[in-house]
>>> print(open('run35.cif').read())   # mmCIF, C-alpha atoms
data_work
#
loop_
_atom_site.label_atom_id
_atom_site.label_comp_id
_atom_site.auth_asym_id
_atom_site.auth_seq_id
_atom_site.Cartn_x
_atom_site.Cartn_y
_atom_site.Cartn_z
CA ASP A 1 116.18 64.15 96.31
CA ILE A 2 114.79 65.29 99.68
CA GLY A 3 116.55 62.56 101.61
CA THR A 4 119.91 63.61 100.25
CA GLU A 5 119.27 67.32 100.83
CA ILE A 6 118.60 66.91 104.56
CA GLY A 7 121.33 64.33 105.12
CA LEU A 8 119.25 61.30 106.11
CA PRO A 9 120.93 57.92 106.69
CA ASP A 10 121.10 55.65 103.66
CA GLU A 11 118.54 53.18 105.04
CA LEU A 12 115.96 55.88 105.69
CA ARG A 13 116.63 57.50 102.31
CA GLU A 14 116.01 54.19 100.53
CA HIS A 15 112.83 53.72 102.54
CA LEU A 16 111.60 57.15 101.47
CA ARG A 17 112.39 56.41 97.85
CA THR A 18 110.37 53.21 98.07
CA VAL A 19 107.45 55.11 99.58
CA TYR A 20 107.67 57.79 96.89
CA ARG A 21 107.78 55.16 94.15
CA GLN A 22 104.70 53.43 95.56
CA THR A 23 102.95 56.80 95.80
CA PHE A 24 103.77 57.55 92.17
CA GLU A 25 102.39 54.18 91.05
CA ARG A 26 99.19 54.71 93.06
CA LEU A 27 98.65 58.19 91.59
CA ASP A 28 99.37 56.91 88.10
CA ARG A 29 96.80 54.15 88.45
CA ALA A 30 94.29 56.74 89.64
CA GLY A 31 94.94 58.85 86.53
CA LYS A 32 96.29 61.78 88.55
CA ILE A 33 98.99 62.68 86.08
CA ASP A 34 100.06 66.03 87.51
CA GLU A 35 100.39 64.66 91.06
CA ALA A 36 102.30 61.60 89.79
CA LEU A 37 104.57 63.92 87.79
CA PHE A 38 105.35 65.95 90.92
CA VAL A 39 106.42 62.84 92.79
CA LEU A 40 108.68 61.74 89.93
CA ALA A 41 110.28 65.10 89.28
CA GLU A 42 110.49 66.65 92.74
CA LEU A 43 110.53 63.81 95.27
CA LEU A 44 112.33 61.13 93.27
CA ASN A 45 114.33 63.66 91.22
CA ALA A 46 113.79 61.44 88.17
CA LYS A 47 113.51 64.23 85.62
CA GLN A 48 114.10 62.20 82.47
CA GLU A 49 111.59 59.61 83.66
CA ALA A 50 109.16 62.45 84.32
CA LEU A 51 109.54 63.68 80.74
CA ASP A 52 109.09 60.16 79.40
CA TYR A 53 105.95 59.86 81.54
CA LEU A 54 104.48 63.04 80.06
CA GLU A 55 105.39 61.87 76.57
CA ARG A 56 103.58 58.57 77.10
CA HIS A 57 100.49 60.58 77.97
CA GLY A 58 100.86 62.82 74.91
CA ARG A 59 101.68 65.93 76.92
CA TYR A 60 104.45 67.03 74.58
CA ALA A 61 104.17 70.79 75.13
CA GLN A 62 104.34 70.41 78.92
CA ALA A 63 107.30 68.06 78.60
CA ALA A 64 109.11 70.49 76.29
CA GLU A 65 108.65 73.42 78.68
CA LEU A 66 109.92 71.37 81.61
CA ALA A 67 112.90 70.15 79.56
CA LEU A 68 113.79 73.77 78.85
CA ALA A 69 113.34 74.79 82.49
CA TRP A 70 115.46 71.86 83.70
CA ASP A 71 118.18 72.48 81.09
CA MET A 72 117.95 68.93 79.77
CA PRO A 73 120.20 67.74 76.90
CA PRO A 74 119.61 69.73 73.70
CA SER A 75 118.56 66.66 71.72
CA THR A 76 115.78 66.01 74.26
CA ILE A 77 114.59 69.62 74.10
CA VAL A 78 114.57 69.68 70.29
CA ARG A 79 112.73 66.37 70.01
CA LEU A 80 110.04 67.37 72.51
CA LEU A 81 109.53 70.77 70.87
CA LEU A 82 109.06 69.01 67.54
CA LEU A 83 106.59 66.55 69.04
CA ALA A 84 104.73 69.54 70.50
CA GLY A 85 104.52 71.10 67.04
CA ASP A 86 106.70 74.06 68.01
CA TRP A 87 108.82 73.95 64.86
CA GLU A 88 110.32 77.43 65.11
CA ARG A 89 111.65 77.02 68.65
CA ALA A 90 112.87 73.49 67.88
CA VAL A 91 115.05 74.76 65.03
CA GLN A 92 116.23 77.70 67.12
CA ALA A 93 117.29 75.32 69.91
CA ALA A 94 119.04 72.99 67.45
CA ARG A 95 120.93 75.91 65.87
CA ARG A 96 121.87 77.39 69.24
CA ASP A 97 123.34 74.15 70.56
CA GLY A 98 124.49 72.56 67.29
CA GLU A 99 122.46 69.47 68.10
CA PHE A 100 120.74 68.62 64.85
CA ALA A 101 122.44 65.22 64.45
CA SER A 102 121.53 63.79 67.86
CA ALA A 103 117.95 65.09 67.65
CA ILE A 104 117.56 63.52 64.18
CA ALA A 105 118.90 60.20 65.47
CA ALA A 106 116.38 60.30 68.32
CA LEU A 107 113.50 60.86 65.87
CA GLU A 108 114.39 58.59 62.97
CA LYS A 109 112.93 55.37 64.35
CA ASP A 110 109.54 56.56 65.60
CA LYS A 111 109.03 59.89 63.82
CA PRO A 112 110.85 59.60 60.47
CA GLU A 113 108.85 62.43 58.87
CA LEU A 114 110.01 64.85 61.58
CA ALA A 115 113.58 63.55 61.23
CA ILE A 116 113.53 64.32 57.50
CA LYS A 117 112.13 67.81 58.07
CA LEU A 118 114.78 68.54 60.69
CA ARG A 119 117.54 67.15 58.46
CA LEU A 120 116.55 69.59 55.70
CA ALA A 121 116.57 72.46 58.20
CA TRP A 122 120.05 71.34 59.28
CA GLY A 123 121.29 71.49 55.71
CA GLU A 124 119.81 74.97 55.25
CA SER A 125 121.45 76.14 58.48
CA LEU A 126 124.87 74.90 57.36
CA ALA A 127 124.46 76.36 53.88
CA GLU A 128 123.60 79.77 55.34
CA ARG A 129 127.01 79.73 57.04
CA GLY A 130 128.80 78.76 53.83
CA GLN A 131 129.46 75.17 54.96
CA TRP A 132 128.37 73.81 51.61
CA LEU A 133 129.84 70.31 51.81
CA ALA A 134 128.60 69.75 55.35
CA ALA A 135 125.15 70.90 54.20
CA MET A 136 125.30 68.44 51.32
CA ASP A 137 126.21 65.58 53.66
CA ALA A 138 123.45 66.56 56.11
CA VAL A 139 120.65 66.15 53.55
CA TRP A 140 122.15 63.30 51.51
CA PRO A 141 120.17 60.55 53.32
CA VAL A 142 116.97 62.18 51.96
CA PRO A 143 116.66 61.04 48.30
CA GLN A 144 114.35 63.89 47.33
CA ALA A 145 117.00 66.37 48.51
CA HIS A 146 119.76 65.18 46.15
CA ASP A 147 119.16 68.04 43.70
CA LEU A 148 119.59 70.50 46.56
CA ALA A 149 122.76 68.66 47.63
CA PHE A 150 124.11 68.96 44.08
CA HIS A 151 123.43 72.71 44.13
CA TRP A 152 125.44 73.05 47.33
CA LEU A 153 128.26 71.00 45.80
CA GLN A 154 128.41 73.49 42.94
CA MET A 155 128.54 76.36 45.45
CA ALA A 156 131.52 74.67 47.14
CA GLU A 157 133.26 74.19 43.81
CA ALA A 158 133.06 77.94 43.20
CA ALA A 159 134.23 78.90 46.70
CA GLY A 160 138.03 78.77 46.43
CA GLU A 161 140.87 76.39 45.65
CA THR A 162 140.91 74.32 48.84
CA LEU A 163 137.16 73.92 49.19
CA SER A 164 136.72 73.21 45.49
CA ALA A 165 139.38 70.48 45.79
CA ARG A 166 137.40 68.83 48.61
CA ALA A 167 134.27 69.25 46.49
CA LEU A 168 135.95 67.33 43.67
CA VAL A 169 136.30 64.33 45.98
CA ARG A 170 132.64 64.64 47.02
CA ARG A 171 131.65 64.76 43.34
CA ALA A 172 133.65 61.58 42.72
CA GLU A 173 131.97 59.96 45.73
CA ARG A 174 128.35 61.01 45.05
CA TRP A 175 128.19 61.64 41.28
CA PRO A 176 131.08 59.58 39.81
CA ASP A 177 129.69 59.72 36.26
CA THR A 178 130.21 63.51 36.19
CA LEU A 179 133.90 63.42 37.14
CA GLU A 180 135.37 62.90 33.66
CA ARG A 181 134.69 66.51 32.63
CA TYR A 182 137.05 67.59 35.45
CA GLY A 183 140.07 65.79 34.04
CA GLU A 184 141.98 69.02 33.38
CA ARG A 185 141.45 70.18 36.97
CA LEU A 186 142.59 66.80 38.29
CA LEU A 187 145.74 66.92 36.16
CA ALA A 188 146.55 70.35 37.57
CA LEU A 189 146.10 69.06 41.13
CA ALA A 190 148.39 66.12 40.33
CA ASN A 191 151.22 68.49 39.39
CA PRO A 192 153.76 68.53 42.30
CA GLU A 193 154.67 72.13 41.51
CA ARG A 194 151.14 73.42 42.14
CA ASP A 195 148.34 73.47 44.74
CA ALA A 196 149.93 71.61 47.67
CA ASP A 197 147.25 72.88 50.07
CA ALA A 198 144.46 71.80 47.74
CA ARG A 199 146.01 68.32 47.44
CA ARG A 200 146.20 68.05 51.22
CA ALA A 201 142.49 68.96 51.42
CA MET A 202 141.68 66.29 48.83
CA ALA A 203 143.68 63.70 50.76
CA GLU A 204 141.73 64.48 53.92
CA ALA A 205 138.42 64.25 52.05
CA LEU A 206 139.41 60.87 50.62
CA LEU A 207 140.40 59.61 54.06
CA GLU A 208 137.09 60.82 55.53
CA ALA A 209 134.93 59.17 52.86
CA SER A 210 132.83 56.28 54.16
CA ALA A 211 132.99 54.31 50.89
CA HIS A 212 134.98 54.38 47.67
CA ASN A 213 134.24 53.72 44.02
CA THR A 214 136.12 53.73 40.73
CA ALA A 215 136.08 57.54 40.62
CA THR A 216 137.45 58.14 44.12
CA ARG A 217 140.13 55.51 43.53
CA ALA A 218 141.13 57.33 40.34
CA VAL A 219 141.40 60.61 42.27
CA ALA A 220 143.59 58.99 44.92
CA SER A 221 145.78 57.41 42.25
CA ALA A 222 146.19 60.74 40.43
CA ILE A 223 147.25 62.85 43.41
CA LEU A 224 149.21 60.35 45.51
CA PRO A 225 152.61 60.73 43.75
CA ALA A 226 152.40 64.51 44.17
CA LEU A 227 151.33 64.08 47.82
CA ILE A 228 154.43 61.98 48.46
CA ALA A 229 156.57 64.67 46.80
CA ASP A 230 154.84 67.29 48.97
CA ARG A 231 155.62 65.23 52.07
CA ALA A 232 159.27 64.93 51.08
CA ASP A 233 159.41 68.72 50.86
CA SER A 234 157.55 69.17 54.19
CA ARG A 235 154.54 70.83 52.56
CA HIS A 236 152.19 68.69 54.69
CA ASP A 237 152.52 66.35 57.66
CA LEU A 238 150.43 63.36 56.59
CA SER A 239 151.79 60.30 58.36
CA LYS A 240 153.09 57.19 56.66
CA ALA A 241 149.99 55.31 57.86
CA ARG A 242 147.67 57.84 56.21
CA LEU A 243 149.64 57.84 52.97
CA ASN A 244 149.55 54.04 52.96
CA ARG A 245 145.79 54.25 53.47
CA LEU A 246 145.57 56.48 50.39
CA LEU A 247 147.62 53.89 48.52
CA GLN A 248 145.05 51.27 49.55
CA ILE A 249 142.20 53.52 48.43
CA ALA A 250 143.87 54.06 45.03
CA ASP A 251 144.13 50.28 44.56
CA ASP A 252 146.45 50.96 41.61
CA PRO A 253 148.75 48.02 40.73
CA TRP A 254 151.30 50.36 39.10
CA LEU A 255 151.50 52.57 42.18
CA ASN A 256 151.74 49.48 44.37
CA ALA A 257 154.65 48.25 42.28
CA ASP A 258 156.39 51.62 42.55
CA ALA A 259 155.89 52.01 46.30
CA PRO A 260 156.75 48.78 48.15
CA GLY A 261 157.21 49.77 51.79
CA LEU A 262 156.44 53.47 51.25
CA SER A 263 159.18 55.60 52.80
CA VAL A 264 158.21 58.91 54.41
CA PRO A 265 161.07 61.29 55.28
CA ALA A 266 161.15 63.29 58.49
CA LEU A 267 159.68 66.75 58.27
CA LYS A 268 162.20 69.48 57.57
CA THR A 269 162.79 71.86 60.44
CA ARG A 270 162.46 75.51 59.53
CA ILE A 271 165.08 77.79 61.16
CA ASP A 272 164.68 81.55 61.38
CA LEU A 273 167.54 83.42 59.74
CA TRP A 274 168.78 84.97 63.00
CA ASP A 275 168.75 81.57 64.79
CA GLY A 276 170.78 79.78 62.14
CA ALA A 277 174.26 78.46 62.72
CA GLY A 278 176.65 78.21 59.77
CA GLY A 279 175.69 78.61 56.13
CA LEU A 280 172.20 78.59 54.61
CA ARG A 281 171.27 76.55 51.54
CA TRP A 282 168.68 77.54 48.95
CA ASP A 283 167.57 75.37 46.02
CA ALA A 284 166.59 77.48 43.02
CA PRO A 285 163.42 76.46 41.16
CA ALA A 286 163.59 75.13 37.61
CA VAL A 287 164.42 77.67 34.89
CA GLY A 288 161.31 79.57 33.81
#
>>> encode(input="run35.cif", output="C-alpha cells")
Amino acid sequence: DIGTEIGLPDELREHLRTVYRQTFERLDRAGKIDEALFVLAELLNAKQEALDYLERHGRYAQAAELALAWDMPPSTIVRLLLLAGDWERAVQAARRDGEFASAIAALEKDKPELAIKLRLAWGESLAERGQWLAAMDAVWPVPQAHDLAFHWLQMAEAAGETLSARALVRRAERWPDTLERYGERLLALANPERDADARRAMAEALLEASAHNTATRAVASAILPALIADRADSRHDLSKARLNRLLQIADDPWLNADAPGLSVPALKTRIDLWDGAGGLRWDAPAVG
C-alpha cells in the first residue's frame, strides 16, 4: 500500500484508497484487465482479490504464476495450477507443502472432477512413503478407488505388528464382513500377556474412527479387558476418559456390568537401579 509505505496521514491514505478503487472499477468497465489488475495488486495491495479477478476472467495460468511469485497459501497455488491445466506442477506443489487436503476442499464444490483426480494423487503420494492407512483414507471418498484402498490395507496388514493392528480396525470399519477370518489374530491381541503396543495402536485407531459398526464394537469389546490390564501395569498411558470412551464404543452389556465406574490406577514410576532407595521388588512371570 503506497500510502502506508510513505507514511501518509490516515485521512489521506483512505482518500487514496477510494481513488484507487474507483480507478480499478473504471478500468474494469473499460475491459482493461491488465491495468485493473495492476491497481488491485500494486496500489491497493489486494493480492487475493487480484487473483480472484484473474480467475473470473479465465486467466488461470497468469493467476497461478502470480500466486507463486507472491508466495500465496499452498492451497491457492495448487488450485490455480490445476485450473491452468498444469497438473505436474500442481502435484509437485501439493507434495512439497503437504497441502492436498485443503486444495481438494477448495475444488470439491465447483471442480469435483479435479478434486477426485487430486485425491487419487494424494493417495499415491502417501502410499509411496509407506503410509498405507493414510493413503486408504485419502481415496476412500472416491467409490471407484475402493479396490485400490483395499490393496493398501493389505499392504498395511503385512507391514509389522503395530501397523497391522491398526489395519485390523480399519478392516472392521470399512469391510466388516471380512473380519471374521481374523478371529485368531484378534484373540491373540486380546491376550494380556502379548502385544501391548499393538493393542495400544488398536485403541487409538478405534478412538480416531468417525463411525462404528458391529465389527468395530466387537474389536473394542475383545481388547478392552487386556487394555485395562495393560494400564494397571503401566504399559500405556490411556486416560480413564479414553478407556471409558472405548467402553462406550464396545457397547457390551457384560463389560458394562463388570466395569461400573472404571478405575484406572496411577502410572507406575520407573526408578533407575542406582537411584533407588531401599529394596527392589521383582514379580516373576508365570511358570513356563
>>> residues_around(input="run35.cif", residues="Gly130 (chain A)", least_positions_apart="2", cutoff="9 Å", atoms="only C-alpha atoms", output="VMD selection string")
chain A and resid 126 to 128 132 to 133 135 155 to 156 159
>>> residues_near_point(input="run35.cif", point="(113.1, 62.9, 89.0)", cutoff="12 Å", atoms="all atoms listed in the file", output="list in words")
Asp1, Ile2, Arg17, Tyr20, Arg21, Phe24, Ala36, Leu37, Phe38, Val39, Leu40, Ala41, Glu42, Leu43, Leu44, Asn45, Ala46, Lys47, Gln48, Glu49, Ala50, Leu51, Asp52, Tyr53, Leu66, Ala67 and Trp70 of chain A
>>> closest_residue(input="run35.cif", among="A:Ala190, A:Leu80, A:Ala94, A:Leu255", to="Ile223 (chain A)", atoms="all atoms listed in the file")
A:Ala190
>>> residues_around(input="run35.cif", residues="Ala121 (chain A)", least_positions_apart="5", cutoff="12 Å", atoms="only C-alpha atoms", output="list of chain:residue names")
A:Trp87, A:Glu88, A:Ala90, A:Val91, A:Gln92, A:Ala94, A:Arg95, A:Glu99, A:Phe100, A:Ala101, A:Ile104, A:Leu114, A:Ala115, A:Ile116, A:Leu126, A:Ala127, A:Glu128, A:Ala135, A:Met136, A:Ala138, A:Val139, A:Ala145
>>> resolve_selection(input="run35.cif", expression="the PyMOL selection byres ((chain A and resi 59) around 12)", output="NGL selection string")
:A and (33-34 or 37 or 50-58 or 60-66 or 80-81 or 83-85)
>>> write_last_selection(input="run35.cif", atoms="C-alpha atoms", output="PDB file, in the coordinates of the input")
ATOM      1  CA  ILE A  33      98.990  62.680  86.080  1.00  0.00           C
ATOM      2  CA  ASP A  34     100.060  66.030  87.510  1.00  0.00           C
ATOM      3  CA  LEU A  37     104.570  63.920  87.790  1.00  0.00           C
ATOM      4  CA  ALA A  50     109.160  62.450  84.320  1.00  0.00           C
ATOM      5  CA  LEU A  51     109.540  63.680  80.740  1.00  0.00           C
ATOM      6  CA  ASP A  52     109.090  60.160  79.400  1.00  0.00           C
ATOM      7  CA  TYR A  53     105.950  59.860  81.540  1.00  0.00           C
ATOM      8  CA  LEU A  54     104.480  63.040  80.060  1.00  0.00           C
ATOM      9  CA  GLU A  55     105.390  61.870  76.570  1.00  0.00           C
ATOM     10  CA  ARG A  56     103.580  58.570  77.100  1.00  0.00           C
ATOM     11  CA  HIS A  57     100.490  60.580  77.970  1.00  0.00           C
ATOM     12  CA  GLY A  58     100.860  62.820  74.910  1.00  0.00           C
ATOM     13  CA  TYR A  60     104.450  67.030  74.580  1.00  0.00           C
ATOM     14  CA  ALA A  61     104.170  70.790  75.130  1.00  0.00           C
ATOM     15  CA  GLN A  62     104.340  70.410  78.920  1.00  0.00           C
ATOM     16  CA  ALA A  63     107.300  68.060  78.600  1.00  0.00           C
ATOM     17  CA  ALA A  64     109.110  70.490  76.290  1.00  0.00           C
ATOM     18  CA  GLU A  65     108.650  73.420  78.680  1.00  0.00           C
ATOM     19  CA  LEU A  66     109.920  71.370  81.610  1.00  0.00           C
ATOM     20  CA  LEU A  80     110.040  67.370  72.510  1.00  0.00           C
ATOM     21  CA  LEU A  81     109.530  70.770  70.870  1.00  0.00           C
ATOM     22  CA  LEU A  83     106.590  66.550  69.040  1.00  0.00           C
ATOM     23  CA  ALA A  84     104.730  69.540  70.500  1.00  0.00           C
ATOM     24  CA  GLY A  85     104.520  71.100  67.040  1.00  0.00           C
TER      25      GLY A  85
END
>>> atom_distance(input="run35.cif", atom1="CA of Arg96 (chain A)", atom2="CA of Ala134 (chain A)")
17.2 Å
>>> axis_aligned_box(input="run35.cif", around="region 62-77 of chain A", padding_each_side="3 Å", output="lines of an AutoDock Vina configuration file")
center_x = 112.3
center_y = 70.4
center_z = 77.7
size_x = 21.9
size_y = 14.8
size_z = 18.0
>>> resolve_selection(input="run35.cif", expression="the PyMOL selection byres ((chain A and resi 220) around 10)", output="PyMOL selection string")
chain A and resi 169+190+199+202-203+206-207+215-219+221-225+227+246-252
>>> write_last_selection(input="run35.cif", atoms="C-alpha atoms", output="mmCIF file, keeping the file's coordinate frame")
data_model
loop_
_atom_site.group_PDB
_atom_site.id
_atom_site.type_symbol
_atom_site.label_atom_id
_atom_site.label_comp_id
_atom_site.auth_asym_id
_atom_site.auth_seq_id
_atom_site.Cartn_x
_atom_site.Cartn_y
_atom_site.Cartn_z
ATOM 1 C CA VAL A 169 136.300 64.330 45.980
ATOM 2 C CA ALA A 190 148.390 66.120 40.330
ATOM 3 C CA ARG A 199 146.010 68.320 47.440
ATOM 4 C CA MET A 202 141.680 66.290 48.830
ATOM 5 C CA ALA A 203 143.680 63.700 50.760
ATOM 6 C CA LEU A 206 139.410 60.870 50.620
ATOM 7 C CA LEU A 207 140.400 59.610 54.060
ATOM 8 C CA ALA A 215 136.080 57.540 40.620
ATOM 9 C CA THR A 216 137.450 58.140 44.120
ATOM 10 C CA ARG A 217 140.130 55.510 43.530
ATOM 11 C CA ALA A 218 141.130 57.330 40.340
ATOM 12 C CA VAL A 219 141.400 60.610 42.270
ATOM 13 C CA SER A 221 145.780 57.410 42.250
ATOM 14 C CA ALA A 222 146.190 60.740 40.430
ATOM 15 C CA ILE A 223 147.250 62.850 43.410
ATOM 16 C CA LEU A 224 149.210 60.350 45.510
ATOM 17 C CA PRO A 225 152.610 60.730 43.750
ATOM 18 C CA LEU A 227 151.330 64.080 47.820
ATOM 19 C CA LEU A 246 145.570 56.480 50.390
ATOM 20 C CA LEU A 247 147.620 53.890 48.520
ATOM 21 C CA GLN A 248 145.050 51.270 49.550
ATOM 22 C CA ILE A 249 142.200 53.520 48.430
ATOM 23 C CA ALA A 250 143.870 54.060 45.030
ATOM 24 C CA ASP A 251 144.130 50.280 44.560
ATOM 25 C CA ASP A 252 146.450 50.960 41.610
#
>>> atom_distance(input="run35.cif", atom1="CA of Glu25 (chain A)", atom2="CA of Leu68 (chain A)")
25.7 Å
>>> closest_residue(input="run35.cif", among="A:Ala69, A:Asp10, A:Ala211, A:Pro192", to="Ala232 (chain A)", atoms="all atoms listed in the file")
A:Pro192
>>> atom_distance(input="run35.cif", atom1="CA of Ser210 (chain A)", atom2="CA of Arg119 (chain A)")
19.2 Å
>>> decode(input="run35.cif", residues="region 95-105 of chain A", atoms="all heavy atoms", output="short mmCIF file (atom, residue, chain, number, x, y, z; two decimals), in the first residue's frame")
data_model
loop_
_atom_site.label_atom_id
_atom_site.label_comp_id
_atom_site.auth_asym_id
_atom_site.auth_seq_id
_atom_site.Cartn_x
_atom_site.Cartn_y
_atom_site.Cartn_z
N ARG A 95 2.68 -31.81 -2.92
CA ARG A 95 3.61 -32.70 -2.20
C ARG A 95 4.58 -31.89 -1.36
O ARG A 95 4.88 -32.23 -0.22
CB ARG A 95 4.39 -33.57 -3.20
CG ARG A 95 3.57 -34.67 -3.84
CD ARG A 95 4.46 -35.58 -4.65
NE ARG A 95 3.70 -36.66 -5.27
CZ ARG A 95 4.18 -37.85 -5.53
NH1 ARG A 95 5.44 -38.13 -5.22
NH2 ARG A 95 3.45 -38.78 -6.10
N ARG A 96 5.12 -30.82 -1.96
CA ARG A 96 6.12 -30.02 -1.25
C ARG A 96 5.56 -29.44 0.04
O ARG A 96 6.22 -29.45 1.08
CB ARG A 96 6.59 -28.87 -2.17
CG ARG A 96 7.62 -27.93 -1.55
CD ARG A 96 7.73 -26.66 -2.36
NE ARG A 96 6.50 -25.89 -2.27
CZ ARG A 96 6.22 -24.85 -3.07
NH1 ARG A 96 7.06 -24.51 -4.02
NH2 ARG A 96 5.09 -24.18 -2.93
N ASP A 97 4.34 -28.95 -0.02
CA ASP A 97 3.76 -28.26 1.13
C ASP A 97 2.79 -29.11 1.93
O ASP A 97 2.24 -28.64 2.94
CB ASP A 97 3.05 -26.98 0.67
CG ASP A 97 4.01 -26.00 0.00
OD1 ASP A 97 5.03 -25.68 0.62
OD2 ASP A 97 3.74 -25.57 -1.13
N GLY A 98 2.55 -30.36 1.50
CA GLY A 98 1.61 -31.21 2.23
C GLY A 98 0.21 -30.63 2.28
O GLY A 98 -0.46 -30.72 3.30
N GLU A 99 -0.23 -30.05 1.17
CA GLU A 99 -1.49 -29.32 1.16
C GLU A 99 -2.55 -29.95 0.26
O GLU A 99 -3.35 -29.24 -0.34
CB GLU A 99 -1.24 -27.86 0.74
CG GLU A 99 -0.62 -27.01 1.81
CD GLU A 99 -1.56 -26.73 2.98
OE1 GLU A 99 -2.79 -26.88 2.80
OE2 GLU A 99 -1.06 -26.39 4.05
N PHE A 100 -2.54 -31.25 0.14
CA PHE A 100 -3.55 -31.90 -0.67
C PHE A 100 -4.96 -31.64 -0.13
O PHE A 100 -5.87 -31.31 -0.87
CB PHE A 100 -3.29 -33.40 -0.73
CG PHE A 100 -2.21 -33.81 -1.69
CD1 PHE A 100 -0.93 -34.05 -1.23
CD2 PHE A 100 -2.47 -33.96 -3.03
CE1 PHE A 100 0.07 -34.45 -2.11
CE2 PHE A 100 -1.48 -34.35 -3.92
CZ PHE A 100 -0.19 -34.59 -3.45
N ALA A 101 -5.14 -31.82 1.18
CA ALA A 101 -6.49 -31.78 1.76
C ALA A 101 -7.17 -30.43 1.54
O ALA A 101 -8.33 -30.37 1.13
CB ALA A 101 -6.42 -32.10 3.25
N SER A 102 -6.46 -29.33 1.81
CA SER A 102 -7.08 -28.01 1.67
C SER A 102 -7.35 -27.69 0.21
O SER A 102 -8.37 -27.06 -0.13
CB SER A 102 -6.20 -26.94 2.31
OG SER A 102 -4.91 -26.94 1.75
N ALA A 103 -6.46 -28.11 -0.69
CA ALA A 103 -6.68 -27.86 -2.12
C ALA A 103 -7.89 -28.66 -2.61
O ALA A 103 -8.70 -28.15 -3.40
CB ALA A 103 -5.44 -28.23 -2.92
N ILE A 104 -8.03 -29.90 -2.15
CA ILE A 104 -9.19 -30.72 -2.53
C ILE A 104 -10.48 -30.08 -2.04
O ILE A 104 -11.47 -29.99 -2.78
CB ILE A 104 -9.03 -32.15 -1.97
CG1 ILE A 104 -7.91 -32.89 -2.72
CG2 ILE A 104 -10.34 -32.92 -2.06
CD1 ILE A 104 -7.45 -34.16 -2.04
N ALA A 105 -10.46 -29.60 -0.79
CA ALA A 105 -11.66 -28.95 -0.24
C ALA A 105 -12.05 -27.72 -1.06
O ALA A 105 -13.24 -27.44 -1.25
CB ALA A 105 -11.42 -28.57 1.22
#
